[in-house]
Amino acid sequence: MKYHIRLDAEMLKGAKIAVLPGDPGRVEKTARKLSPDCIFLASNREYTSWLTKSGTENILICSTGIGGPSLSIAVEELASLGIKYFIRIGTTGAIQPHIPVPSLIVTTGAVRLDGASKHYAPLEYPAVADIGVTNSLIKGAAEAGIDCHYGI
């Protein structure tokens with residue numbers, strides 16, 4: 001049982017993908033959007049989690065709270081339980097005037113001016129998303145007929 005997220009590997013039922021909203025209040029809604037076949041797992045501090053499905057694949061939805069330090073705690077504990085892919089969802093900004101609010105944005109890279117990421121890699125190392133996961137998100141949006149913006 002992991003101390004902060006209050007989960008163990010058995011509870012994840014083989015899930016390899018975690019979707020990570022910041023707000024605990026968005027976890028159940030996100031889980032139910034993927035499948036009505038979802039279950040509450042745990043809630044402790046800023047970490048609330050539900051297990052849901054996409055097709056036959058178990059997917060974990062786990063909130064991360066605000067900021068890099070609480071996100072890094074969640075990612076480290078989830079990785080130690082076997083989660084391999086992390087998809088952060090939530091609010092972002094866009095400075096391009098052609099992107100209306102609200103819009104779906106798939107971020108392919110980000111500026112690393114936070115305090116947590118420099119503990120994992122030198123500041124010179126870029127914060128870029130996995131190309132396979134990124135392409136899958138963009139393709140999925142297109143197949144669903146959702147206008148999707150992507151980039152740094």
# chains A, B, ... in the order shown; residues from 1 in each chain; ligands from 1
call {"tool": "select_by_dssp", "arguments": {"residues": "chain A", "states": "strand (DSSP E or B)", "output": "ChimeraX atom specification"}}
result
/A:17-21,39-44,47-54,57-62,85-89,104-107,109-110,127-128,148-151
call {"tool": "residues_around", "arguments": {"residues": "segment 2-17 of chain A", "least_positions_apart": "6", "cutoff": "8 Å", "atoms": "only C-alpha atoms", "output": "MDAnalysis selection string"}}
result
chainID A and resid 41:45 47:49 51 57:60 73:74 77 81:87
call {"tool": "residues_around", "arguments": {"residues": "segment 112-127 of chain A", "least_positions_apart": "6", "cutoff": "8 Å", "atoms": "only C-alpha atoms", "output": "compact mmCIF listing (two decimals) with N, CA, C and O atoms, in the first residue's frame"}}
result
# COMPACT_ATOMS: atom_id res chain seq x y z
N GLY A 68 3.90 20.72 -9.17
CA GLY A 68 4.85 19.66 -9.45
C GLY A 68 5.13 18.71 -8.30
O GLY A 68 5.21 17.50 -8.51
N PRO A 69 5.32 19.21 -7.08
CA PRO A 69 5.65 18.29 -5.99
C PRO A 69 4.57 17.23 -5.74
O PRO A 69 4.88 16.04 -5.61
N SER A 72 4.55 14.80 -8.67
CA SER A 72 5.67 13.86 -8.67
C SER A 72 5.48 12.75 -7.64
O SER A 72 5.86 11.61 -7.90
call {"tool": "select_by_dssp", "arguments": {"residues": "chain A", "states": "helix (DSSP H, G or I)", "output": "MDAnalysis selection string"}}
result
chainID A and resid 9:12 24:34 68:80 117:119 131:143
call {"tool": "closest_residue", "arguments": {"among": "A:Leu20, A:Leu34, A:Leu137, A:Ala144", "to": "Leu71 of chain A", "atoms": "only C-alpha atoms"}}
result
A:Leu20
